[in-house]
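Have a look at the structure below before the remarks.
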Amino acid sequence: MAFGKWIGGYLGWSAFGPLGGLIGFVVGALFDTATSQGEGETLRLDQEQSQQGDRNSFFISMLVLAAYIVKADGKVMHSEMELVRGMLRQNFGEAAAQQGDQMMRQLFMEQDRQGTSVYRERIRQACQQIAVNVDYSGRLQLLNFLVMIAQADGRVDQVEVTALKEVAQWMQMSPQEVDAMLHLEGDSLEDAYKVLGVSPDASDAELKKAYRKLALEHHPDRVAKLGDDVRKAAEKKFQEINAAKDRIWKARGM
């Protein structure tokens with residue numbers, strides 16, 4: 001794993017806040033590409049490099065937002081940090097997991113230095129930038145990872161739910177997406193309705209429309225460019241959505 005993209009992201013954050021972090025990360029990625037090529041070779045962004053850029057941007061976005069969610073309740077839990085480290089380790093290797101850990105701790109310090117209200121505004125700006133540069137399916141999977149991080153310690157406090165819903169709205173998504181994701185692993189009929197985002201008294205036609213919309217937005221093929229691991233997480237989520245649909249269909253005799 002080359003470190004230019006991570007250094008670029010960190011320097012961008014330090015100089016310009018989270019917007020600079022996203023820009024700096026991309027610049028660092030280009031630096032890695034340029035320095036890894038032999039003399040006389042032409043730097044070009046082919047399809048593979050473009051996909052890697054999308055993938056890298058996705059994970060630096062996750063890192064910035066994960067730091068915000070982890071500390072939303074005022075505590076930095078080992079289980080939440082380990083989940084983030086595991087994601088980085090799986091995607092970029094052990095060195096990146098350690099470096100990502102250090103960057104998150106620097107972000108915690110920056111939050112303490114700036115104060116809650118100023119830092120919150122920086123995160124809002126970062127989310128707005130993510131909304132412009134990451135498609136809706138990618139943002140859904142990003143939000144799903146943030147929910148998983150919040151759940152890592154076995155409970156999700158209300159302040160974490162509030163922070164997750166703020167992030168969702170800032171990324172131009174419905175806060176109801178958070179409610180649905182928090183009930184994905186539930187096995188009750190009530191959980192199933194929340195996963196589909198509909199009321200128990202919704203008509204059959206409304207249910208079918210809601211399911212078709214979810215199936216289209218959450219299909220794993222939509223995030224395939226972000227890597228096999230992200231796709232696998234999307235597949236698990238897609239299966240849970242289908243399981244919720246099946247419970248409702250069975251209860252209604254559909």
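Ordering of the structure tokens sets the chain letters (A, B, ...); residue numbers start at 1 within each chain; ligands are numbered from 1 in the order shown.
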
Residues near range 188-191 of chain A, cut-off 7 Å, only C-alpha atoms, skip fewer than 5 positions along chain, as a PyMOL selection string: chain A and resi 183+247-248

Enumerate, as a PyMOL selection string, the complete set of residues in range 32-228 of chain A that a backbone-based DSSP assignment places in alpha helix (DSSP H). chain A and resi 32-36+47-70+78-92+94-114+116-133+136-151+158-170+176-182+189-196+204-217+228

Please list as a list in words every residue within 8 Å of Arg139 in chain A, counting only C-alpha atoms and excluding residues in the same chain fewer than 4 positions away.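 Counting only C-alpha atoms, the residues come to Ile130, Ala131, Val134, Asp135, Leu143 and Met171 of chain A.
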
Selected residue, from A:Glu80, A:Arg252, A:Arg231, A:Asp73, that lies nearest to Gly154 in chain A when counting only C-alpha atoms: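 Smallest separation from Gly154 in chain A among the options: A:Glu80.
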
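We find CA of Val70 in chain A and CA of Met103 in chain A to be spaced 13.3 Å apart.
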
Can you list, as a short mmCIF file (atom, residue, chain, number, x, y, z; two decimals) with N, CA, C and O atoms, in the first residue's frame, every protein, DNA or RNA residue that comes within 12 Å of Ser174 in chain A when you count only C-alpha atoms, leaving out same-chain residues fewer than 3 positions away?
data_model
loop_
_atom_site.label_atom_id
_atom_site.label_comp_id
_atom_site.auth_asym_id
_atom_site.auth_seq_id
_atom_site.Cartn_x
_atom_site.Cartn_y
_atom_site.Cartn_z
N TYR A 136 -25.65 7.62 -5.08
CA TYR A 136 -26.57 7.32 -3.98
C TYR A 136 -26.32 5.94 -3.39
O TYR A 136 -26.33 5.76 -2.16
N ARG A 139 -23.36 6.05 -1.19
CA ARG A 139 -23.67 6.73 0.09
C ARG A 139 -24.48 5.82 1.00
O ARG A 139 -24.31 5.85 2.22
N LEU A 140 -25.37 5.02 0.42
CA LEU A 140 -26.13 4.06 1.23
C LEU A 140 -25.19 3.08 1.91
O LEU A 140 -25.34 2.78 3.10
N LEU A 143 -23.25 4.83 4.66
CA LEU A 143 -24.10 4.98 5.85
C LEU A 143 -24.26 3.65 6.57
O LEU A 143 -24.27 3.60 7.81
N LEU A 164 -26.03 9.95 13.33
CA LEU A 164 -26.19 9.19 12.09
C LEU A 164 -27.24 9.83 11.18
O LEU A 164 -27.05 9.92 9.96
N LYS A 165 -28.34 10.28 11.76
CA LYS A 165 -29.39 10.90 10.96
C LYS A 165 -28.94 12.26 10.42
O LYS A 165 -29.33 12.64 9.30
N GLU A 166 -28.14 12.98 11.20
CA GLU A 166 -27.59 14.24 10.69
C GLU A 166 -26.70 13.97 9.48
O GLU A 166 -26.81 14.66 8.45
N VAL A 167 -25.82 13.00 9.60
CA VAL A 167 -24.92 12.65 8.50
C VAL A 167 -25.73 12.24 7.27
O VAL A 167 -25.41 12.65 6.14
N ALA A 168 -26.77 11.45 7.48
CA ALA A 168 -27.62 11.03 6.35
C ALA A 168 -28.23 12.23 5.65
O ALA A 168 -28.18 12.33 4.42
N GLN A 169 -28.78 13.15 6.41
CA GLN A 169 -29.39 14.34 5.81
C GLN A 169 -28.37 15.21 5.11
O GLN A 169 -28.63 15.74 4.03
N TRP A 170 -27.20 15.38 5.71
CA TRP A 170 -26.15 16.19 5.09
C TRP A 170 -25.66 15.57 3.79
O TRP A 170 -25.21 16.28 2.90
N MET A 171 -25.76 14.23 3.68
CA MET A 171 -25.38 13.56 2.43
C MET A 171 -26.58 13.46 1.47
O MET A 171 -26.54 12.66 0.53
N GLU A 177 -33.49 6.17 6.43
CA GLU A 177 -32.54 5.13 6.05
C GLU A 177 -31.83 4.59 7.28
O GLU A 177 -31.55 3.39 7.37
N VAL A 178 -31.56 5.47 8.25
CA VAL A 178 -30.89 5.04 9.48
C VAL A 178 -31.80 4.10 10.27
O VAL A 178 -31.36 3.04 10.74
N ASP A 179 -33.07 4.47 10.40
CA ASP A 179 -34.03 3.60 11.11
C ASP A 179 -34.10 2.23 10.46
O ASP A 179 -34.12 1.20 11.15
N ALA A 180 -34.13 2.21 9.13
CA ALA A 180 -34.22 0.93 8.41
C ALA A 180 -32.98 0.08 8.67
O ALA A 180 -33.07 -1.12 8.93
N MET A 181 -31.80 0.71 8.63
CA MET A 181 -30.55 -0.04 8.82
C MET A 181 -30.41 -0.55 10.25
O MET A 181 -29.85 -1.62 10.47
N GLY A 197 -39.42 0.66 5.37
CA GLY A 197 -39.75 2.08 5.50
C GLY A 197 -41.21 2.39 5.28
O GLY A 197 -41.55 3.47 4.79
#

Residue with smallest distance to His78 in chain A - pool A:Leu107, A:Val64, A:Ala210, A:Ala152, counting only C-alpha atoms: A:Ala152

As an mmCIF file with C-alpha atoms, in the first residue's frame, please: the residues near range 81-89 of chain A (cut-off 12 Å, only C-alpha atoms, same-chain neighbours under 2 positions excluded).
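File result.cif, as written:
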data_model
loop_
_atom_site.group_PDB
_atom_site.id
_atom_site.type_symbol
_atom_site.label_atom_id
_atom_site.label_comp_id
_atom_site.auth_asym_id
_atom_site.auth_seq_id
_atom_site.Cartn_x
_atom_site.Cartn_y
_atom_site.Cartn_z
ATOM 1 C CA MET A 1 0.000 0.000 0.000
ATOM 2 C CA TRP A 6 -3.346 8.896 3.085
ATOM 3 C CA ARG A 55 -12.680 3.083 -3.776
ATOM 4 C CA ASN A 56 -10.080 5.241 -2.034
ATOM 5 C CA PHE A 58 -15.097 5.929 -0.316
ATOM 6 C CA PHE A 59 -12.795 4.762 2.456
ATOM 7 C CA ILE A 60 -11.310 8.173 3.293
ATOM 8 C CA MET A 62 -15.686 6.537 5.854
ATOM 9 C CA LEU A 63 -12.646 7.375 7.970
ATOM 10 C CA VAL A 64 -13.619 11.035 8.400
ATOM 11 C CA LEU A 65 -17.249 10.256 9.202
ATOM 12 C CA ALA A 66 -16.382 7.248 11.387
ATOM 13 C CA ALA A 67 -14.337 9.519 13.657
ATOM 14 C CA TYR A 68 -17.410 11.730 14.056
ATOM 15 C CA ILE A 69 -19.754 8.819 14.827
ATOM 16 C CA VAL A 70 -17.339 7.017 17.180
ATOM 17 C CA LYS A 71 -17.043 10.086 19.392
ATOM 18 C CA LYS A 75 -16.540 7.965 24.334
ATOM 19 C CA VAL A 76 -14.065 6.211 22.068
ATOM 20 C CA MET A 77 -14.908 2.511 22.318
ATOM 21 C CA HIS A 78 -12.304 -0.134 21.493
ATOM 22 C CA SER A 79 -14.890 -2.271 19.679
ATOM 23 C CA ASN A 91 -8.883 -3.247 2.083
ATOM 24 C CA PHE A 92 -5.414 -1.737 2.354
ATOM 25 C CA GLY A 93 -3.308 -3.880 4.715
ATOM 26 C CA GLU A 94 -1.978 -3.709 8.249
ATOM 27 C CA ALA A 95 0.143 -0.590 7.732
ATOM 28 C CA ALA A 96 -2.902 1.326 6.489
ATOM 29 C CA ALA A 97 -4.961 0.094 9.453
ATOM 30 C CA GLN A 98 -2.355 1.500 11.836
ATOM 31 C CA GLN A 99 -2.085 4.752 9.935
ATOM 32 C CA GLY A 100 -5.862 5.084 9.735
ATOM 33 C CA ASP A 101 -6.030 4.551 13.488
ATOM 34 C CA GLN A 102 -3.538 7.383 14.003
ATOM 35 C CA MET A 103 -5.479 9.672 11.668
ATOM 36 C CA MET A 104 -8.723 9.024 13.525
ATOM 37 C CA ARG A 105 -7.055 9.847 16.822
ATOM 38 C CA PHE A 108 -10.543 13.242 17.825
ATOM 39 C CA LEU A 142 -21.200 4.305 3.476
ATOM 40 C CA PHE A 145 -20.848 1.012 7.518
ATOM 41 C CA LEU A 146 -21.364 3.947 9.914
ATOM 42 C CA VAL A 147 -24.384 2.195 11.429
ATOM 43 C CA MET A 148 -22.301 -0.979 11.826
ATOM 44 C CA ILE A 149 -19.609 1.045 13.611
ATOM 45 C CA ALA A 150 -22.178 2.553 15.980
ATOM 46 C CA GLN A 151 -23.522 -0.957 16.716
ATOM 47 C CA ALA A 152 -20.072 -2.460 17.348
ATOM 48 C CA ASP A 153 -20.197 -1.969 21.132
ATOM 49 C CA GLY A 227 -14.356 -3.718 -4.261
ATOM 50 C CA ASP A 229 -15.556 -6.579 0.360
ATOM 51 C CA VAL A 230 -17.945 -3.641 -0.062
ATOM 52 C CA ALA A 233 -21.435 -6.165 2.709
#

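Here CA of Arg113 in chain A stands at a distance of 15.3 Å from CA of Ala72 in chain A.
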